[in-house]
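S.K.: Dropping a structure here in structure tokens format, bear with me for questions.
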Protein chains: 4
Amino acid sequence: MKTVKIGIIGFGYWGPNLARNFFALDGCQVKYIVDLSPARLAAAKKLYPSVNTTDKLETVLDDAEIDAVVIASPVSTHFQFAQKALVKGKHVLVEKPMTRLVSEAEELIALAKKQGRVLMVDHTFLYTGAVKKIKEMIKSDQLGKIQYFDSTRINLGLFQHDINVIGDLAPHDLSILSYLVDEAPASVIATGVSHTDNKVENLAYLTLNYQSAMIAHFTLSWSSPVKIRKTLIAGTKKMVVYDDLEPTEKVRVYDTGFKASESQNLLIDYRVGDIYIPKIEQTEALSALAKDFLAAITTGKAPLADAQKGLAVVRILESAEKSLKNHGQEVKLS
Amino acid sequence: MKTVKIGIIGFGYWGPNLARNFFALDGCQVKYIVDLSPARLAAAKKLYPSVNTTDKLETVLDDAEIDAVVIASPVSTHFQFAQKALVKGKHVLVEKPMTRLVSEAEELIALAKKQGRVLMVDHTFLYTGAVKKIKEMIKSDQLGKIQYFDSTRINLGLFQHDINVIGDLAPHDLSILSYLVDEAPASVIATGVSHTDNKVENLAYLTLNYQSAMIAHFTLSWSSPVKIRKTLIAGTKKMVVYDDLEPTEKVRVYDTGFKASESQNLLIDYRVGDIYIPKIEQTEALSALAKDFLAAITTGKAPLADAQKGLAVVRILESAEKSLKNHGQEVKLS
Amino acid sequence: MKTVKIGIIGFGYWGPNLARNFFALDGCQVKYIVDLSPARLAAAKKLYPSVNTTDKLETVLDDAEIDAVVIASPVSTHFQFAQKALVKGKHVLVEKPMTRLVSEAEELIALAKKQGRVLMVDHTFLYTGAVKKIKEMIKSDQLGKIQYFDSTRINLGLFQHDINVIGDLAPHDLSILSYLVDEAPASVIATGVSHTDNKVENLAYLTLNYQSAMIAHFTLSWSSPVKIRKTLIAGTKKMVVYDDLEPTEKVRVYDTGFKASESQNLLIDYRVGDIYIPKIEQTEALSALAKDFLAAITTGKAPLADAQKGLAVVRILESAEKSLKNHGQEVKLS
Amino acid sequence: MKTVKIGIIGFGYWGPNLARNFFALDGCQVKYIVDLSPARLAAAKKLYPSVNTTDKLETVLDDAEIDAVVIASPVSTHFQFAQKALVKGKHVLVEKPMTRLVSEAEELIALAKKQGRVLMVDHTFLYTGAVKKIKEMIKSDQLGKIQYFDSTRINLGLFQHDINVIGDLAPHDLSILSYLVDEAPASVIATGVSHTDNKVENLAYLTLNYQSAMIAHFTLSWSSPVKIRKTLIAGTKKMVVYDDLEPTEKVRVYDTGFKASESQNLLIDYRVGDIYIPKIEQTEALSALAKDFLAAITTGKAPLADAQKGLAVVRILESAEKSLKNHGQEVKLS
């Protein structure tokens with residue numbers, strides 16, 4: 001089988017992780033690493049002496065040998081770089097969030113379709129053993145109908161200056177939510193605060209309302225003294241607590257539930273039962289994602305983290321931003 | 001000194017705890033326990049053979065020997081019972097929330113002032129060793145200016161039918177917030193959902209916005225598979241995590257902070273330092289509250305959990321209810 | 001059915017718990033509470049105005065109405081008081097450890113048999129939901145053959161002066177071990193240290209060797225900055241971690257094991273699978289024990305915590321003491 | 001300054017970690033990697049194309065350019081390889097435990113002295129931020145006199161076939177103990193069990209007795225369903241809990257203590273105070289150890305993990321082995 005030749009665009013925070021996984025992947029060769037910073041290019045060259053480094057995206061896109069690009073540059077460049085690459089007939093894997101705007105994401109999807117090329121988004125979490133296990137339980141109806149999804153993703157972290165805490169942290173949870181729950185949200189309410197002069201929110205809360213009795217909520221912070229990565233996913237049959245910081249017990253399944261009953265004073269039909277902690281597959285998620293991208297290119301099979309999932313996330317982010325700027329006004333999602 | 005004679009109104013869930021503490025208190029005699037349920041009155045009589053039991057509030061209010069009443073009946077009765085008692089010249093300790101409406105709370109405050117009687121609210125948490133320790137740290141400026149207050153109070157609990165999860169659980173956290181932070185919130189946004197037919201919300205989120213860069217947020221649930229009672233209180237100097245479920249380590253102080261700086265790409269001026277877990281006083285909070293009520297009656301000194309603190313809580317609850325019923329619309333607090 | 005009349009001997013640390021449970025028990029009446037301290041007798045009288053208090057054991061034993069005594073006096077008095085009570089034809093429930101010496105325990109067993117009276121030991125843990133659940137799993141062969149039992153019972157606790165940390169804390173774990181594992185230990189090794197002038201060990205380690213490949217070990221301390229109550233029970237099929245301090249997750253079952261294989265370098269046939277946390281019954285163990293004592297008296301059915309289990313514990317304690325005094329010399333158990 | 005040229009002997013489990021750190025170290029060049037397995041040599045060559053690989057130790061020792069060797073081969077070869085290297089005038093860093101026998105360790109020490117070469121042992125833990133912090137607190141007398149050292153190092157791990165669980169796991173804790181506590185133990189008692197046919201103990205307990213009231217104890221297991229790496233170090237002033245699995249809170253200092261007093265019944269002079277969690281330096285310990293080895297070679301300054309510390313560990317291990325084979329008989333250390 002022909003080796004797939006790729007270029008990696010951006011070698012900042014996440015690029016090195018993508019490079020490491022694509023270098024380790026059979027059937028694929030990383031031919032270029034692109035970055036504007038000479039220091040970053042030197043670092044890339046030291047780790048991978050065989051790779052070509054350049055600060056010109058065009059060099060990569062004009063190379064007819066190149067089959068695909070992996071875009072790990074700042075969010076504001078995603079749309080433009082992906083568009084150029086698709087126009088040149090390259091397959092594209094783009095870092096999350098896919099684009100800033102819904103219109104941009106839609107345009108890329110149409111373009112990829114027209115060009116017959118793969119367009120995939122790096123929603124790494126969909127490839128983790130924990131999320132796959134929860135998806136499996138939902139599919140086999142072990143949890144029942146999902147009632148709420150409540151996620152906390154907080155720590156004392158880097159304050160970004162071109163993206164707020166929702167844009168930085170929520171894509172992880174929104175991609176998981178979109179993957180696990182079929183129903184799309186009906187409206188978004190976002191509140192938050194900036195503790196710096198640049199008006200970029202470092203602490204924010206996001207509520208998603210649904211047509212059904214489902215609700216989703218996200219607590220997002222760069223300013224917490226403790227690190228928490230915890231999601232509660234409650235079904236009518238069972239409830240799951242997914243704690244990504246647990247080394248071996250990431251997923252806990254509670255045989256716990258409640259049921260409406262019209263008793264006189266208190267509704268006491270709730271049930272607390274056994275807890276079950278399934279063994280979770282330990283393979284690196286990013287490696288599985290890289291493999292999925294390669295398979296999509298060579299076999300035509302749709303990848304798990306496809307562009308529609310990327311669009312679903314952008315749709316919520318765009319509305320959240322609007323709500324946030326209007327003091328938490330409800331923004332309907334069409 | 002003259003023994004203070006009191007009547008306890010309501011012997012349901014919380015009444016027995018109040019009774020136990022007032023029976024144990026020197027300088028005070030519980031003369032009556034009132035409840036509508038013969039079974040509850042029998043239970044009271046078995047535990048305290050000396051007490052008079054009755055289902056008539058008037059019997060207590062008409063007894064000239066009675067100095068004070070402790071009201072632990074359903075929320076909907078608080079205003080009416082407290083009003084009657086104050087009119088008859090009794091001192092009043094009322095369960096939280098003080099009343100349903102702000103106008104009711106204000107009327108009671110005016111009445112108590114006119115009658116020259118103590119009006120106090122059972123915000124028990126203000127008397128815990130943990131909250132007292134945090135207050136002390138804030139007063140001595142160890143934490144700096146408070147930046148946010150983020151509380152999670154969730155468990156699989158009794159579904160009330162006459163009060164939603166905000167009315168049931170938020171008063172605890174709102175009273176703590178009002179005690180610790182001097183600034184009053186400027187607006188309220190509340191979202192939530194009911195998973196039962198009776199439309200009473202069992203899961204809700206509350207955001208309080210402030211004039212300053214302060215923000216407060218509350219996650220409240222009767223439907224969580226895990227029990228959590230955790231509050232993050234971040235100051236510009238230090239941050240506190242208050243976990244009420246920890247048996248001996250309720251308060252953790254993080255020598256951690258962040259500071260705005262206009263660096264080029266990332267604001268990296270954050271600091272992670274030592275953690276300090278102060279020893280917390282272990283005395284029962286309700287016992288201290290009972291003592292404070294007695295002292296207010298006998299010495300005239302204002303109690304810690306005074307009616308103004310009760311009113312501050314009702315003010316937020318009333319607006320939260322309005323926001324909740326309007327899909328999270330922002331409600332300004334005058 | 002005739003009411004069983006009992007006397008409680010000793011109202012110090014544990015006596016009040018026994019009193020509370022026997023007072024609450026139907027079919028039984030606590031007629032006497034005995035203690036040498038007038039202050040303790042006054043405290044008993046205040047809580048239970050109906051009870052007779054006395055500092056004379058004989059008053060109770062000479063009362064023909066009395067069917068049974070519950071002995072919660074210091075360990076050094078257990079043998080003598082139980083003996084006297086049995087001679088007078090009373091049923092006996094004695095605090096753990098049953099006696100100081102094996103010979104004493106054997107004499108009491110013979111005496112109880114001769115007199116046709118119940119002789120029971122307060123090994124409360126056998127009545128907990130957690131231990132009952134583990135016993136059930138062992139009986140149904142879910143765990144396979146038990147390979148080891150490793151218990152840690154440490155905290156910063158009261159330093160006793162008439163009994164060392166083994167005598168104080170080990171009876172709990174030894175009674176659980178004896179209940180769960182049928183095989184009796186073959187020898188005992190105990191080491192420890194006293195950090196006080198009175199030579200009473202406050203920190204000790206106990207190893208029990210068996211004919212089979214089973215081993216048991218106990219870490220016991222009054223001098224730990226942290227409180228731990230944790231036991232690992234490993235079977236050839238599954239392993240259990242029993243943490244008595246966990247409010248709701250006391251028993252964790254690991255689908256984990258290892259198997260000898262003669263591979264060249266490393267024996268890697270071990271298996272890490274799911275974890276399961278069964279729901280545990282929440283009823284108070286001491287109440288179930290009191291009920292079991294009453295049933296033994298009225299129906300003749302042997303109680304769970306019978307004198308043979310008490311003897312098994314004393315046998316190990318006596319040998320442990322001997323080993324401890326001989327710098328950890330192995331002491332064989334016949 | 002002249003570059004130090006080294007050869008790494010053994011590229012199995014730990015060798016790659018040593019190689020990675022020495023490759024990254026300035027002032028040093030890894031010239032050879034030696035292993036008997038062609039597969040391991042191929043793996044080394046792939047990672048480090050510049051290195052010479054060989055299965056002949058002599059090739060390295062006969063190369064006059066080589067200044068030092070790092071020995072990470074099986075324990076049974078440590079003595080012989082280190083001896084040969086010292087004879088050839090090479091500096092030696094040897095994996096823990098230094099040798100099987102005390103006599104071997106002593107012979108190496110004498111040889112290194114005679115040859116004027118560095119002899120160092122890879123007790124990596126001495127270079128961790130946690131152990132350095134605890135050492136600092138002991139040195140500045142914040143903890144007072146150490147009363148006990150109680151370590152638990154258990155997990156479900158690889159069963160070695162040429163070394164039992166004491167030889168495999170205890171060197172870590174014994175090196176920490178020897179570093180922190182000046183007094184040497186007076187005697188050793190070891191008990192344990194093998195659950196496999198090869199008689200290699202997979203679960204063992206070690207007690208060290210001291211002339212003073214100090215005691216040390218070690219729980220070591222390859223057969224635990226849970227992973228624990230926890231050490232309690234109690235001083236007369238303060239106590240430390242060192243949990244190596246905690247990502248950010250490895251060291252907890254308890255302002256807790258007890259004091260003998262001759263009260264009548266119970267010694268209640270114990271004290272529970274604040275807890276303090278110091279920030280710990282995060283640098284990789286093995287990198288610091290490699291740097292220390294290089295400095296010892298180039299400057300002549302004695303390394304922290306010197307051969308005397310290695311010998312102290314071997315001394316205890318040898319006696320523990322003897323005690324273990326004699327059913328826990330006490331073995332005196334001269």
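Ordered as shown in the structure tokens, chains take letters A, B, and onward, while each chain numbers its residues from 1 and ligands are numbered from 1 in the order shown.
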Just the residues within 12 Å of D:Leu245, please, counting only C-alpha atoms, with nothing from its chain fewer than 6 positions along; format it as a ChimeraX atom specification.
M.R.: /A:246-247 /D:130,152-155,226-231,251
S.K.: Report the residues of stretch 60-287 of chain B whose backbone DSSP state falls under helix (DSSP H, G or I), written as a PyMOL selection string.
M.R.: chain B and resi 60-61+75-87+102-115+124-127+129-139+165-180+285-287
S.K.: Output C-alpha atoms for every residue in that selection, as a compact mmCIF listing (two decimals), in the first residue's frame.
M.R.:
# COMPACT_ATOMS: atom_id res chain seq x y z
CA VAL B 60 -48.42 28.51 72.94
CA LEU B 61 -48.85 32.09 71.82
CA VAL B 75 -41.79 27.30 54.53
CA SER B 76 -45.24 28.44 53.45
CA THR B 77 -46.20 28.95 57.12
CA HIS B 78 -43.08 30.86 58.25
CA PHE B 79 -44.39 34.34 57.63
CA GLN B 80 -47.79 33.82 59.19
CA PHE B 81 -46.53 32.01 62.30
CA ALA B 82 -43.67 34.46 62.88
CA GLN B 83 -46.03 37.41 62.45
CA LYS B 84 -48.52 36.01 64.97
CA ALA B 85 -45.76 35.30 67.45
CA LEU B 86 -44.22 38.76 67.18
CA VAL B 87 -47.64 40.36 67.55
CA VAL B 102 -39.03 39.70 50.26
CA SER B 103 -42.05 41.78 51.24
CA GLU B 104 -42.89 39.28 53.98
CA ALA B 105 -39.35 39.28 55.33
CA GLU B 106 -39.32 43.08 55.39
CA GLU B 107 -42.67 43.17 57.18
CA LEU B 108 -41.39 40.79 59.85
CA ILE B 109 -38.26 42.87 60.35
CA ALA B 110 -40.31 46.02 60.81
CA LEU B 111 -42.66 44.23 63.19
CA ALA B 112 -39.83 42.82 65.29
CA LYS B 113 -38.31 46.27 65.56
CA LYS B 114 -41.62 47.80 66.59
CA GLN B 115 -42.24 45.08 69.18
CA THR B 124 -26.86 27.02 61.04
CA PHE B 125 -23.81 27.02 58.79
CA LEU B 126 -22.74 30.46 60.05
CA TYR B 127 -21.98 28.78 63.37
CA GLY B 129 -16.08 25.94 62.76
CA ALA B 130 -15.32 25.85 59.04
CA VAL B 131 -17.29 28.95 58.08
CA LYS B 132 -16.04 30.82 61.12
CA LYS B 133 -12.46 30.00 60.13
CA ILE B 134 -12.98 31.21 56.56
CA LYS B 135 -14.66 34.41 57.78
CA GLU B 136 -11.68 35.02 60.05
CA MET B 137 -9.27 34.62 57.13
CA ILE B 138 -11.26 37.03 54.98
CA LYS B 139 -11.54 39.61 57.76
CA VAL B 165 -34.14 22.31 44.82
CA ILE B 166 -33.07 25.97 44.94
CA GLY B 167 -35.40 26.77 47.81
CA ASP B 168 -34.35 23.61 49.58
CA LEU B 169 -30.57 23.64 49.21
CA ALA B 170 -29.43 27.13 48.17
CA PRO B 171 -30.26 28.92 51.47
CA HIS B 172 -27.29 27.17 53.09
CA ASP B 173 -24.83 28.45 50.50
CA LEU B 174 -26.46 31.86 50.08
CA SER B 175 -26.27 32.48 53.81
CA ILE B 176 -22.59 31.53 53.81
CA LEU B 177 -21.94 33.74 50.79
CA SER B 178 -23.79 36.70 52.31
CA TYR B 179 -21.85 36.28 55.52
CA LEU B 180 -18.44 36.03 53.86
CA ALA B 285 -23.16 24.46 65.17
CA LEU B 286 -26.81 24.17 66.13
CA SER B 287 -25.91 24.28 69.79
S.K.: I'd like the neighbourhood of D:Arg315 as number ranges by chain, where a residue qualifies if any of its atoms comes within 10 Å (using only C-alpha atoms), though same-chain residues fewer than 5 positions away should be ignored.
M.R.: D: 99-103, 105, 309-310, 320, 333-334
S.K.: Please build the interface table for chain C against chain A with a cut-off of 12 Å, listing for each qualifying residue the nearest atom pair and the distance in Å to one decimal; count only C-alpha atoms, order rows by chain and increasing number, and write it as JSON lines.
M.R.:
{"residue": "C:Thr248", "atom": "CA", "partner": "A:Asp274", "partner_atom": "CA", "distance": 10.1}
{"residue": "C:Glu249", "atom": "CA", "partner": "A:Ile275", "partner_atom": "CA", "distance": 8.5}
{"residue": "C:Lys250", "atom": "CA", "partner": "A:Ile275", "partner_atom": "CA", "distance": 11.5}
{"residue": "C:Val251", "atom": "CA", "partner": "A:Ile275", "partner_atom": "CA", "distance": 10.5}
{"residue": "C:Arg252", "atom": "CA", "partner": "A:Ile275", "partner_atom": "CA", "distance": 9.2}
{"residue": "C:Val253", "atom": "CA", "partner": "A:Tyr276", "partner_atom": "CA", "distance": 9.5}
{"residue": "C:Tyr254", "atom": "CA", "partner": "A:Ile277", "partner_atom": "CA", "distance": 9.4}
{"residue": "C:Asp255", "atom": "CA", "partner": "A:Lys279", "partner_atom": "CA", "distance": 9.5}
{"residue": "C:Thr256", "atom": "CA", "partner": "A:Lys279", "partner_atom": "CA", "distance": 10.7}
{"residue": "C:Arg271", "atom": "CA", "partner": "A:Lys279", "partner_atom": "CA", "distance": 10.9}
{"residue": "C:Val272", "atom": "CA", "partner": "A:Lys279", "partner_atom": "CA", "distance": 7.7}
{"residue": "C:Gly273", "atom": "CA", "partner": "A:Lys279", "partner_atom": "CA", "distance": 5.4}
{"residue": "C:Asp274", "atom": "CA", "partner": "A:Pro278", "partner_atom": "CA", "distance": 4.5}
{"residue": "C:Ile275", "atom": "CA", "partner": "A:Ile277", "partner_atom": "CA", "distance": 4.8}
{"residue": "C:Tyr276", "atom": "CA", "partner": "A:Tyr276", "partner_atom": "CA", "distance": 4.5}
{"residue": "C:Ile277", "atom": "CA", "partner": "A:Ile275", "partner_atom": "CA", "distance": 4.8}
{"residue": "C:Pro278", "atom": "CA", "partner": "A:Asp274", "partner_atom": "CA", "distance": 4.5}
{"residue": "C:Lys279", "atom": "CA", "partner": "A:Asp274", "partner_atom": "CA", "distance": 4.7}
{"residue": "C:Ile280", "atom": "CA", "partner": "A:Asp274", "partner_atom": "CA", "distance": 8.5}
{"residue": "C:Glu281", "atom": "CA", "partner": "A:Gly273", "partner_atom": "CA", "distance": 10.6}
{"residue": "C:Gln282", "atom": "CA", "partner": "A:Val272", "partner_atom": "CA", "distance": 12.0}
S.K.: Can you pull out the residues contacting C:Asn202? Cut-off 10 Å, using only C-alpha atoms, and skip same-chain residues under 4 positions away; I want them as JSON, numbers by chain.
M.R.: {"C": [156, 157, 158, 159, 160, 161, 163, 164, 165, 166, 168, 192, 193, 194, 195, 196, 220, 221, 222, 223, 224]}
S.K.: Could you tell me how far atom CA of A:Asp122 sits from atom CA of A:Ala305, in Å to one decimal place?
M.R.: 6.9 Å
S.K.: Which one is closest to C:Trp14: C:Ala72, C:Leu47, C:Val241, C:Ile33? Count only C-alpha atoms.
M.R.: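 The closest residue to C:Trp14 is C:Ala72.
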S.K.: If DSSP is run on the backbone, what residues of stretch 38-161 of chain B are strand (DSSP E or B)? A reply as a list in words would be ideal.
M.R.: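 DSSP on the backbone gives strand (DSSP E or B) at Asn52, Thr53, Thr54, Ala68, Val69, Val70, Ile71, His91, Val92, Leu93, Val94, Glu95, Leu119, Met120, Val121, Asp122, Ile146, Gln147, Tyr148, Phe149, Asp150, Ser151, Thr152, Arg153, Ile154, Asn155, Leu156, Phe159 and Gln160 of chain B.
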S.K.: Take the residues that were just selected and, keeping C-alpha atoms, output them as a short mmCIF file (atom, residue, chain, number, x, y, z; two decimals), in the first residue's frame.
M.R.:
data_model
loop_
_atom_site.label_atom_id
_atom_site.label_comp_id
_atom_site.auth_asym_id
_atom_site.auth_seq_id
_atom_site.Cartn_x
_atom_site.Cartn_y
_atom_site.Cartn_z
CA ASN B 52 -46.55 19.86 76.68
CA THR B 53 -47.63 18.74 73.22
CA THR B 54 -50.41 20.35 71.22
CA ALA B 68 -39.92 32.74 72.53
CA VAL B 69 -40.88 30.39 69.74
CA VAL B 70 -38.77 28.35 67.36
CA ILE B 71 -40.54 27.87 64.04
CA HIS B 91 -39.05 36.38 70.35
CA VAL B 92 -38.76 34.36 67.15
CA LEU B 93 -36.21 31.97 65.68
CA VAL B 94 -37.41 30.83 62.28
CA GLU B 95 -36.16 28.03 60.09
CA LEU B 119 -36.04 37.96 65.07
CA MET B 120 -33.44 35.41 64.05
CA VAL B 121 -33.10 32.88 61.22
CA ASP B 122 -31.71 29.37 61.54
CA ILE B 146 -12.83 37.65 46.76
CA GLN B 147 -12.98 36.87 43.02
CA TYR B 148 -15.48 34.07 42.92
CA PHE B 149 -17.58 31.75 45.07
CA ASP B 150 -18.45 28.44 43.44
CA SER B 151 -20.55 25.95 45.35
CA THR B 152 -21.74 22.44 44.56
CA ARG B 153 -24.41 20.92 46.80
CA ILE B 154 -25.68 17.73 45.21
CA ASN B 155 -26.80 14.27 46.28
CA LEU B 156 -29.55 11.75 45.73
CA PHE B 159 -37.64 15.35 46.39
CA GLN B 160 -39.69 18.02 48.12
#
S.K.: Enter the distance from atom CA of B:Val188 to atom CA of B:Glu330, in Å, rounded to one decimal.
M.R.: 5.7 Å
S.K.: Need the shell around B:Ile189: protein/DNA/RNA residues with any atom at most 8 Å away, counting only C-alpha atoms. Skip same-chain ones fewer than 4 positions apart. Format as number ranges by chain?
M.R.: A: 328; B: 206-208, 320, 323-324, 328-331
